[in-house]
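For reference, the structure is listed below as C-alpha cells.
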2 protein chains.
Amino acid sequence: MSFTFSPGMPISHSGHSKESSRSSTPVLAADRTERLRDKMRRRTESGDHWFSLEFFPPRTASGAVNLVSRFDRMGSGGPLFIDITWHPAGDPGSDKETSSMMIASTAVNYCGLESILHLTCCNQTKEKITGYLSKAKHLGLKNIMALRGDPVGADWEEEEGGFNYATDLVKHIRCEFDDYFDICVAGYPTGHPEADSYDEDLRHLKEKVDAGADFIITQLFFRADTFLKFVRDCRAIGITCPILPGIFPIQGYQSLRQLVKLSKLEVPEEIMRVIEPIKDNDAAIRNYGIEQTVGMCRVLLESGNVPGLHFYTLNREVATMEVLRQLGLWIEDPRRPLPWAVSAHPKRKVEDVRPIFWASRPKSYIYRTQDWDDFPNGRWGNSSSPAFGELNDYYLFYLKSKSSKDALLKMWGEELTSEQSVYEVFTSYIKAQPNCAGHKVMCLPWNDEPLAPETNLMMDELDKVNRRGVLTINSQPTINGKPSDDPIVGWGPPGGYVFQKAYLEFFTSSENVTVLLKVLKKYEPRVNYHIVNVHGQNTTNAHDMQPNAVTWGIFPGREIVQPTVVDPVSFMYWKDEAFALWIEQWAELYDDESPSRMIIKYIHDNYFLVNLVDNDFPLDNCLWQVIDDMFELLDNPPEEQPTEQPVEQPAEESPVEDQSPK
Amino acid sequence: MSFTFSPGMPISHSGHSKESSRSSTPVLAADRTERLRDKMRRRTESGDHWFSLEFFPPRTASGAVNLVSRFDRMGSGGPLFIDITWHPAGDPGSDKETSSMMIASTAVNYCGLESILHLTCCNQTKEKITGYLSKAKHLGLKNIMALRGDPVGADWEEEEGGFNYATDLVKHIRCEFDDYFDICVAGYPTGHPEADSYDEDLRHLKEKVDAGADFIITQLFFRADTFLKFVRDCRAIGITCPILPGIFPIQGYQSLRQLVKLSKLEVPEEIMRVIEPIKDNDAAIRNYGIEQTVGMCRVLLESGNVPGLHFYTLNREVATMEVLRQLGLWIEDPRRPLPWAVSAHPKRKVEDVRPIFWASRPKSYIYRTQDWDDFPNGRWGNSSSPAFGELNDYYLFYLKSKSSKDALLKMWGEELTSEQSVYEVFTSYIKAQPNCAGHKVMCLPWNDEPLAPETNLMMDELDKVNRRGVLTINSQPTINGKPSDDPIVGWGPPGGYVFQKAYLEFFTSSENVTVLLKVLKKYEPRVNYHIVNVHGQNTTNAHDMQPNAVTWGIFPGREIVQPTVVDPVSFMYWKDEAFALWIEQWAELYDDESPSRMIIKYIHDNYFLVNLVDNDFPLDNCLWQVIDDMFELLDNPPEEQPTEQPVEQPAEESPVEDQSPK
C-alpha cells in the first residue's frame with residue numbers, strides 16, 4: 001500500500017524486526033502500554049476516582065460523524081474508557097460506518113480512547129464469534145464486554161455445546177485468545193430478570209468471573225444502597241474483582257420509560273413522584289436527573305467501595321458532563337502526553353513523532369499509516385521513511401466534514417468571483433468573523449475545527465497575510481522554554497519545558513513564490529523552506545533526508561521528546577493530500593464549469609504549497625518579516641533591465657482575468 | 001563478553017538486525033560516514049587545503065603511550081588523516097602495543113582519527129597478506145598504503161605469482177576485498193632509486209593507479225619545482241588521481257643525513273650550504289627547516305595543483321605544528337561534532353549518545369563497547385541496554401597513565417595519614433595548585449588530564465566541597481541555550497544552541513550519604529540521584545529504565561541531538577570501574593598493609609558513589625545548594641530523641657580512628 005508521488009521516487013516502508021526497538025516511548029509510557037485492568041488497579045490503589053462512558057452505535061452515517069466528534073469532545077474530559085454496545089440486528093461486526101465494530105475501532109484508533117466492545121453470543125456459532133474477536137484484535141481492540149444478549153423469539157432453548165450464557169463466551173475468549181483481551185461482564189444489582197432468584201444470579205456472576213472476567217459493570221439502578229448491598233453480597237461469595245456501578249442520569253421521561261421497560265426495572269416511588277408532574281418539561285427533568293445522579297454518586301464514592309463510575313450516556317453529552325463536572329471528575333484540561341492526540345492502538349503505543357503537516361488532520365495521518373508495522377519513536381529518522389497509504393477515499397466517515405454541503409457553501413461562498421474572494425474566506429476563518437454574506441467560517445478544507453488558542457496568538461499576522469493571498473493552513477509560534485503545564489502550549493509530564501520553532505505553511509501564487517525565493521536568500525540558513533506545486537516541482541534549502549524537529553520537550557529524568565518534525569519525504573505525501581482537498585472539498589461544491597469551480601481549480605493548478613521553519617527559536621519569529629519583505633518587494637520591485645525580468649512580471653500572468661469567466 | 005554486576009541482574013546486548021536503523025546520525029553525518037577518498041575530493045572541490053601526518057610505530061610500550069597522547073594533541077589540529085608505517089622487522093601485524101597494526105587501530109578507534117595503515121608485500125605470502133588485511137578490516141581500518149617494501153638481502157629475485165611490486169599488492173587488495181579499502185600508493189618525484197629511468201618509474205606508477213589505487217603520496221623532496229614537474233608528468237601520461245606532496249621539515253642534522261641515505265636522495269646545494277655551518281645547533285637547524293618548509297609549501301599551495309600537504313613528522317610535533325600554524329592550516333579549535341570525541345571505527349559512525357560517566361575515560365568506554373554490533377543513535381533508549389565488556393585489563397596501553405609511579409606518588413602523596421589527606425589531593429587537582437609536598441596534581445585515577453575549561457567555571461564550588469570530603473570526579477554546569485560555536489561549551493553544526501542539565505558525581509562517606517538523602521527529599525522531583533556503594537547497594541529516585549538526557553543541542557534543519565545521558569543501567573557498570581580505580585591506580589602505589597594503602601582501601605570499601613542531576617536547566621544550578629544543605633545539616637543536626645537516631649551518629653563510625661593505623 002504505497003504510492004509514489006513524483007518522478008518515480010522509490011519509497012518503501014523498511015521492515016523492522018521485533019528486536020529492533022531498544023527504545024521505548026519516553027512520555028507516559030505506562031499510560032500507553034498498560035492494559036485496562038492494570039490502569040484500573042493503579043487508579044484504584046491511588047484512590048483516584050475515574051469515570052467511563054457507554055455509547056451505542058448510530059443508525060446513520062451522519063450520526064456516525066457526529067458520534068465521533070462527540071468522542072473527541074467527551075474524550076477531552078479524561079474517561080478511563082468508553083464502551084460501545086453490540087447491536088445484533090445492525091450488522092455489528094461489519095465494516096459499515098455504523099457498525100459496533102467500526103465505531104469501537106474509530107474510538108481506539110482515531111480518537112485515542114481506551115474502548116470496550118460489547119459482544120453478545122446467543123444464537124451465534126463459535127466460528128462467527130471467533131471471527132468477530134479476531135477482527136477486533138486486528139483492529140487494535142483489547143477489551144470485550146461479554147454478554148449473552150437477548151434471545152431472539154420466545155422459543156429459545158439451550159443448545160448443547162453452544163453459547164447459552166455469558167459464561168460460555170468468557171470461557172471461549174480465554175480458550176481461543178488466552179489473556180489477550182480484558183473481559184468485562186454484566187452484573188445485576190437487583191438480580192437478572194430471568195434468574196430464578198437474586199442469589200442464583202449472584203452465583204452465575206461468580207461463574208462468569210471464575211471463567212476469566214476481569215471486572216464487572218452493573219446494570220443501572222436508582223438507589224446507592226441497591227448497589228452497595230450488591231457489592232457486599234458479591235464480596236461475601238468471593239467475587240473480588242472491581243465492580244463498577246452503571247449510572248443512568250435521567251434525561252427525559254420517554255427515555256426513562258423505555259429503558260425501564262427493557263431492563264424490567266422498577267423506578268422508585270420517590271423518583272416517580274417528582275417526575276410525573278414535570279414529564280413534559282425536558283429541561284426540568286434533565287435538571288432533576290442531574291441533581292439526583294450527583295447525589296447518588298456522592299454516596300457511592302464516599303462509601304469507599306466505588307473506585308469509578310460508569311455512565312449510560314444514551315449518546316448524549318450535556319447531562320453526563322454536568323454530573324461529572326459537579327462531582328469534580330471531569331478534567332477540563334487533562335494533561336496532554338504529547339502535543340498531538342495519540343492513538344490507542346497497541347501497535348502505536350511507542351509512537352511519539354509525527355510530521356507537522358497533518359496537525360489538523362490527525363485521523364487522516366492515522367489512516368494513512370495504519371499498515372505500518374512499526375512507528376517512529378524518539379526520532380523520526382532519515383530518508384528511509386515508511387510509505388504512506390493512499391488516501392483515495394475522501395469519504396471515510398471519520399474524515400468527513402461535520403458540516404453539510406449547504407453549510408459549507410454559506411461559509412466558503414455560494415459564488416466566488418475571483419481569487420480575492422477565496423482570500424476573504426481564509427480571513428474570515430482566521431478572525432472567526434462573519435464573511436461578506438454574514439456567515440461565520442468555522443472550518444476550511446484543511447481545518448475541520450476553529451483555530452486553536454495557540455494559533456490565535458498569531459491572529460493579527462495571519463489576518464494580514466491571508467488578505468494578500470498568503471493562504472495559511474498550518475502554523476505554530478516560537479516557544480522558548482515554557483513550563484510543560486502551560487495551559488495553552490504545555491504538554492508532557494510535569495516539571496518540564498516545551499519548545500517550538502516557528503512554523504508557517506500556506507498556499508500562494510507562483511508570482512509570490514518567485515519574489516519569496518529572492519527574499520529567502522537573505523534568511524539563509526536561519527529559515528528552512530520547502531516550496532512545491534501540485535505537479536511536484538519542488539524547491540528547498542533543507543537537507544533532502546534530514547527531518548527538522550520543530551516541537552520538543554525536556555523533562556525531569558527523561559530523554560528528550562521531539563514529537564513534531566518537518567520532514568522532506570512525508571511533505572511530498574502531504575502535498576498531494578493538501579492540494580486534493582481544494583478539489584474534493586471545495587471545488588466540488590460548485591457546478592462543473594461554474595466560475596466558482598474554475599477559480600478553485602485555478603488555485604489548485606497554479607499555486608504553490610510553501611512551508612517555512614524559523615530555526616532560531618530563542619529569537620522572535622522572523623517568518624512574518626519574511627512575508628512582509630515579500631510584500632515589500634512585490635509593491636516596490638527594483639528597477640531592472642528588461643532582459644532580466646522574464647519571471648517577475650505579475651501582470652502578464654494575472655490568472656483570474658485570463659481564465660475565470662466573469 | 002558481558003558481566004553481571006550485582007544480584008544476578010540479567011543484561012544482554014539485544015541483537016539488532018541490519019534493517020533496524022531507520023535513523024542516521026543527525027550531526028555531521030557526512031563527515032563520519034564518508035570514505036577518505038570522498039572527503040579528499042570534497043575538500044579539493046571546495047578549495048579547502050588540508051594536511052595529513054605520518055608516524056612510525058614506537059619501539060617501547062611507554063613510547064606507545066606517548067605516541068597516543070601525541071595523536072590526541074595533533075589530532076586536535078584537524079588532520080585529514082594520519083598514516084602509520086609498516087615495520088616488517090617489528091612484528092607489524094601482531095597484537096603487541098608497539099605493532100603498526102595496534103597503533104593504527106588505536107588511532108582509529110580511540111583517537112577518532114582517519115588513518116592509513118602502510119603494508120609492504122615483498123617476501124610475503126598471499127595468505128599472510130590477506131590475513132593482515134582481514135585483521136585490519138576487523139579492527140575498523142579502512143585505508144591501506146600499498147608498498148613493495150625493501151627486499152631483505154641483496155639476492156632478492158622476482159617470484160613467479162608472488163608479490164614483486166606494489167602493483168601486485170594493489171591488485172590483490174582489490175581482488176580479495178573489492179572496494180572496501182581506500183588504497184594509497186607511493187610516488188617518487190625524482191624517480192624510484194631502483195627504476196631504470198624516471199619515465200619507467202612513472203609508467204610503474206600509472207600501473208599502480210590503474211590497478212586500483214585511489215591516490216598517491218610522494219616521497220620527500222626539497223624543491224617545490226621537483227614536485228610540480230612530477231605532477232605535470234603524471235598528468236601527461238594519464239594519472240588523474242590526487243597526488244599529495246610528502247613534506248619533510250628538516251628537524252636535525254643527523255635525521256636529515258639518515259633519511260637521505262635511506263631514500264637515496266640528494267640534498268640540494270643551497271640547503272647544505274645553510275645547514276653545514278649550524279649542524280651542531282639543533283634549534284637553529286629546526287628553525288631553518290621550518291622556514292624552508294613554509295616557503296616551499298606556500299609555493300606548492302599557490303600553484304593550484306596541491307590540494308593538501310602530507311607531513312613526515314618523525315613522530316615529533318613541534319616543527320610540523322609550527323609549519324602548519326604559519327601556513328594557517330592548523331585549526332586550533334576545530335568544531336567538535338559532538339561534546340565527546342568520536343571514534344572513527346566504521347561500526348561507530350552512527351553513534352551519537354553515550355553515558356556521561358566515562359566523560360573523562362572515553363577510551364575505556366570505547367574498549368568496553370567494542371563488541372557491540374550496533375550503537376545507540378538519536379537516543380540511548382531504555383532498559384535493554386547492551387552489556388559492557390569487562391575491563392579486566394587495567395594495563396591496556398592506551399588507558400595507562402602517562403605518569404610514572406614515582407610521579408603519581410609525588411602528586412597523590414608518598415604517605416597518606418587520613419582520609420583528609422586524600423581530600424587534599426582532590427583539592428590540589430581542582431585548584432591546579434601544588435599539594436603540601438609542593439607538587440602539582442595533574443591527574444587523578446578518574447581524570448588523566450587537567451580539568452577542562454568548562455569545569456573550571458565551577459572551580460570555587462568544587463574546591464569547597466572537596467575540602468569536606470565530597471570527592472568530585474565528574475561534573476558539568478547548567479547551560480541554557482548557548483550558541484553552538486561557543487568557544488568553551490559549544491559543539492555541533494553552526495547556528496545551533498546547546499543545553500545542559502547540571503551534573504555532579506562524587507565519592508563520599510556513608511555518614512554524608514545518610515544526611516544527603518534527607519536533604520534530597522526537599523529537592524524532589526527537581527534533582528535525580530543515584531547513590532551506590534562498591535557492593536551495589538543502590539538508592540535512587542530515578543526511573544529504573546529511563547535515561548536522563550543531560551546534554552543536548554538544537555540545530556537548524558535537524559532533529560535534536562542528545563549526546564550525553566545519565567542512565568541507570570550503565571551507571572552500575574561504571575560504578576565497578578570507578579571503585580576499582582581506587583585500588584588499581586592508587587592503593588597499589590603503596591606497600592601491602594601500609595597505612596596509606598589501608599586508607600584508600602577504607603574509602604573503596606565504605607564510601608558511596610553519588611550522581612546528581614538538576615533537571616531544572618533554566619534555573620541556576622541547585623546542586624551546590626544541595627551539598628551546602630548537607631553540610632549545614634551535618635554541622636547542626638536537629639535535636640532528636642535518642643530512640644530515633646541510630647543511623648545518624650557520625651561519631652560512632654568515624655572510620656579513620658578505628659581502622660587506619662597511625
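Note on naming: chains are A, B, ... as they come in the C-alpha cells, residues start from 1 per chain, ligands start from 1 in the order shown.
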
Distance query Thr85 in chain B at most 8 Å, only C-alpha atoms, self and fewer than 5 positions along chain excluded, as a PDB file with all heavy atoms, in the first residue's frame:
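Below is the file out16.pdb, written as the result:
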```pdb
ATOM      1  N   GLU B  54      52.327  11.689   9.025  1.00  0.00           N
ATOM      2  CA  GLU B  54      52.827  10.315   9.056  1.00  0.00           C
ATOM      3  C   GLU B  54      53.597  10.040  10.343  1.00  0.00           C
ATOM      4  O   GLU B  54      54.394  10.859  10.796  1.00  0.00           O
ATOM      5  CB  GLU B  54      53.737  10.057   7.840  1.00  0.00           C
ATOM      6  CG  GLU B  54      54.246   8.623   7.789  1.00  0.00           C
ATOM      7  CD  GLU B  54      54.812   8.251   6.433  1.00  0.00           C
ATOM      8  OE1 GLU B  54      54.122   8.484   5.415  1.00  0.00           O
ATOM      9  OE2 GLU B  54      55.943   7.733   6.378  1.00  0.00           O
ATOM     10  N   PHE B  55      53.341   8.893  10.927  1.00  0.00           N
ATOM     11  CA  PHE B  55      54.022   8.461  12.147  1.00  0.00           C
ATOM     12  C   PHE B  55      54.566   7.057  11.940  1.00  0.00           C
ATOM     13  O   PHE B  55      54.082   6.313  11.099  1.00  0.00           O
ATOM     14  CB  PHE B  55      53.053   8.434  13.333  1.00  0.00           C
ATOM     15  CG  PHE B  55      52.446   9.772  13.659  1.00  0.00           C
ATOM     16  CD1 PHE B  55      51.236  10.156  13.099  1.00  0.00           C
ATOM     17  CD2 PHE B  55      53.099  10.654  14.513  1.00  0.00           C
ATOM     18  CE1 PHE B  55      50.671  11.399  13.392  1.00  0.00           C
ATOM     19  CE2 PHE B  55      52.538  11.897  14.814  1.00  0.00           C
ATOM     20  CZ  PHE B  55      51.327  12.269  14.250  1.00  0.00           C
ATOM     21  N   PHE B  56      55.573   6.709  12.738  1.00  0.00           N
ATOM     22  CA  PHE B  56      56.019   5.310  12.708  1.00  0.00           C
ATOM     23  C   PHE B  56      55.748   4.685  14.078  1.00  0.00           C
ATOM     24  O   PHE B  56      55.628   5.405  15.076  1.00  0.00           O
ATOM     25  CB  PHE B  56      57.492   5.193  12.291  1.00  0.00           C
ATOM     26  CG  PHE B  56      58.444   6.036  13.095  1.00  0.00           C
ATOM     27  CD1 PHE B  56      58.891   5.637  14.358  1.00  0.00           C
ATOM     28  CD2 PHE B  56      58.919   7.254  12.583  1.00  0.00           C
ATOM     29  CE1 PHE B  56      59.780   6.423  15.087  1.00  0.00           C
ATOM     30  CE2 PHE B  56      59.801   8.038  13.316  1.00  0.00           C
ATOM     31  CZ  PHE B  56      60.234   7.627  14.578  1.00  0.00           C
ATOM     32  N   PRO B  57      55.647   3.373  14.140  1.00  0.00           N
ATOM     33  CA  PRO B  57      55.339   2.738  15.420  1.00  0.00           C
ATOM     34  C   PRO B  57      56.510   2.890  16.387  1.00  0.00           C
ATOM     35  O   PRO B  57      57.672   2.856  15.965  1.00  0.00           O
ATOM     36  CB  PRO B  57      55.129   1.261  15.069  1.00  0.00           C
ATOM     37  CG  PRO B  57      55.329   1.124  13.618  1.00  0.00           C
ATOM     38  CD  PRO B  57      55.784   2.415  13.049  1.00  0.00           C
ATOM     39  N   SER B 100      52.516  -1.929  14.199  1.00  0.00           N
ATOM     40  CA  SER B 100      51.874  -0.983  13.276  1.00  0.00           C
ATOM     41  C   SER B 100      50.362  -1.140  13.348  1.00  0.00           C
ATOM     42  O   SER B 100      49.599  -0.160  13.371  1.00  0.00           O
ATOM     43  CB  SER B 100      52.340  -1.264  11.842  1.00  0.00           C
ATOM     44  OG  SER B 100      53.736  -1.126  11.754  1.00  0.00           O
ATOM     45  N   LEU B 117      46.929   2.561   7.145  1.00  0.00           N
ATOM     46  CA  LEU B 117      47.952   1.610   7.579  1.00  0.00           C
ATOM     47  C   LEU B 117      48.823   1.272   6.376  1.00  0.00           C
ATOM     48  O   LEU B 117      48.312   0.878   5.328  1.00  0.00           O
ATOM     49  CB  LEU B 117      47.286   0.333   8.111  1.00  0.00           C
ATOM     50  CG  LEU B 117      48.250  -0.798   8.524  1.00  0.00           C
ATOM     51  CD1 LEU B 117      49.115  -0.379   9.707  1.00  0.00           C
ATOM     52  CD2 LEU B 117      47.477  -2.076   8.825  1.00  0.00           C
ATOM     53  N   HIS B 118      50.142   1.451   6.533  1.00  0.00           N
ATOM     54  CA  HIS B 118      51.047   1.002   5.481  1.00  0.00           C
ATOM     55  C   HIS B 118      51.081  -0.521   5.492  1.00  0.00           C
ATOM     56  O   HIS B 118      50.840  -1.158   6.511  1.00  0.00           O
ATOM     57  CB  HIS B 118      52.468   1.522   5.744  1.00  0.00           C
ATOM     58  CG  HIS B 118      52.604   3.000   5.553  1.00  0.00           C
ATOM     59  ND1 HIS B 118      53.672   3.578   4.924  1.00  0.00           N
ATOM     60  CD2 HIS B 118      51.791   4.016   5.912  1.00  0.00           C
ATOM     61  CE1 HIS B 118      53.531   4.901   4.903  1.00  0.00           C
ATOM     62  NE2 HIS B 118      52.389   5.183   5.511  1.00  0.00           N
ATOM     63  N   LEU B 119      51.408  -1.087   4.338  1.00  0.00           N
ATOM     64  CA  LEU B 119      51.555  -2.537   4.256  1.00  0.00           C
ATOM     65  C   LEU B 119      52.551  -2.818   3.142  1.00  0.00           C
ATOM     66  O   LEU B 119      52.406  -2.319   2.021  1.00  0.00           O
ATOM     67  CB  LEU B 119      50.193  -3.174   3.947  1.00  0.00           C
ATOM     68  CG  LEU B 119      50.119  -4.698   3.912  1.00  0.00           C
ATOM     69  CD1 LEU B 119      50.561  -5.310   5.239  1.00  0.00           C
ATOM     70  CD2 LEU B 119      48.689  -5.140   3.595  1.00  0.00           C
TER      71      LEU B 119
END
```

Near Cys622 in chain B, counting only C-alpha atoms, which residues have an atom at most 10 Å away, once you skip same-chain residues fewer than 6 positions from it, shown as a CSV table (one decimal) with all heavy atoms, in the first residue's frame?
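Heads up, here's the output in result-v1.csv:
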```
chain,number,residue,atom,x,y,z
B,478,THR,N,25.1,23.9,34.4
B,478,THR,CA,23.9,24.2,33.6
B,478,THR,C,24.2,25.0,32.4
B,478,THR,O,25.0,26.0,32.5
B,478,THR,CB,22.9,24.9,34.5
B,478,THR,OG1,22.5,24.1,35.6
B,478,THR,CG2,21.7,25.4,33.7
B,502,ALA,N,22.7,20.5,34.9
B,502,ALA,CA,23.9,20.4,35.8
B,502,ALA,C,24.0,19.0,36.3
B,502,ALA,O,23.0,18.3,36.6
B,502,ALA,CB,23.7,21.3,37.0
B,523,TYR,N,14.4,18.3,47.5
B,523,TYR,CA,14.6,18.7,46.1
B,523,TYR,C,13.9,17.8,45.1
B,523,TYR,O,14.2,17.7,43.9
B,523,TYR,CB,16.1,18.7,45.8
B,523,TYR,CG,16.9,19.8,46.5
B,523,TYR,CD1,17.4,19.7,47.8
B,523,TYR,CD2,17.0,21.0,45.8
B,523,TYR,CE1,18.0,20.7,48.4
B,523,TYR,CE2,17.7,22.1,46.5
B,523,TYR,CZ,18.2,21.9,47.7
B,523,TYR,OH,18.8,23.0,48.4
B,526,ARG,N,13.0,17.8,41.4
B,526,ARG,CA,13.9,18.6,40.6
B,526,ARG,C,15.2,17.9,40.4
B,526,ARG,O,15.8,17.9,39.4
B,526,ARG,CB,14.1,19.9,41.3
B,526,ARG,CG,15.2,20.8,40.6
B,526,ARG,CD,15.2,22.2,41.1
B,526,ARG,NE,16.3,22.9,40.5
B,526,ARG,CZ,16.6,24.2,40.6
B,526,ARG,NH1,15.8,24.9,41.5
B,526,ARG,NH2,17.6,24.7,40.0
B,527,VAL,N,15.7,17.2,41.5
B,527,VAL,CA,17.0,16.6,41.4
B,527,VAL,C,16.9,15.0,41.4
B,527,VAL,O,16.2,14.4,42.2
B,527,VAL,CB,17.9,16.9,42.7
B,527,VAL,CG1,19.2,16.2,42.7
B,527,VAL,CG2,18.1,18.5,42.7
B,613,VAL,N,21.6,15.0,39.2
B,613,VAL,CA,21.2,15.8,38.1
B,613,VAL,C,20.2,16.8,38.5
B,613,VAL,O,19.2,16.5,39.1
B,613,VAL,CB,20.6,14.9,36.9
B,613,VAL,CG1,20.1,15.8,35.8
B,613,VAL,CG2,21.5,13.8,36.5
B,614,ASP,N,20.5,18.1,38.1
B,614,ASP,CA,19.5,19.1,38.4
B,614,ASP,C,18.7,19.3,37.1
B,614,ASP,O,19.2,19.8,36.1
B,614,ASP,CB,20.2,20.5,38.7
B,614,ASP,CG,19.2,21.6,38.9
B,614,ASP,OD1,17.9,21.3,38.8
B,614,ASP,OD2,19.6,22.7,39.1
B,615,ASN,N,17.4,18.8,37.1
B,615,ASN,CA,16.6,18.8,35.9
B,615,ASN,C,16.1,20.2,35.5
B,615,ASN,O,15.7,20.4,34.3
B,615,ASN,CB,15.3,17.9,36.1
B,615,ASN,CG,15.6,16.5,36.1
B,615,ASN,OD1,16.1,15.9,35.1
B,615,ASN,ND2,15.4,15.8,37.3
B,616,ASP,N,16.2,21.1,36.4
B,616,ASP,CA,15.6,22.5,36.0
B,616,ASP,C,16.7,23.4,35.4
B,616,ASP,O,17.1,24.4,36.0
B,616,ASP,CB,15.0,23.1,37.3
B,616,ASP,CG,13.7,23.7,36.9
B,616,ASP,OD1,13.5,24.1,35.7
B,616,ASP,OD2,12.9,23.9,37.9
B,628,ASP,N,25.6,22.1,50.2
B,628,ASP,CA,25.6,23.1,51.3
B,628,ASP,C,24.6,22.7,52.4
B,628,ASP,O,24.9,22.7,53.5
B,628,ASP,CB,25.3,24.5,50.8
B,628,ASP,CG,26.5,25.2,50.3
B,628,ASP,OD1,27.7,24.6,50.5
B,628,ASP,OD2,26.4,26.3,49.7
```

I need the residue nearest Glu200 in chain A from this list: A:Asp233, A:Val565, A:Glu577, A:Phe71. Use only C-alpha atoms for the distance. A:Asp233

Among range 449-613 of chain B, which ones does DSSP assign to helix (DSSP H, G or I) (computed from the backbone)? Answer as a ChimeraX atom specification. /B:453-456,459-467,510-521,568-589,595-606
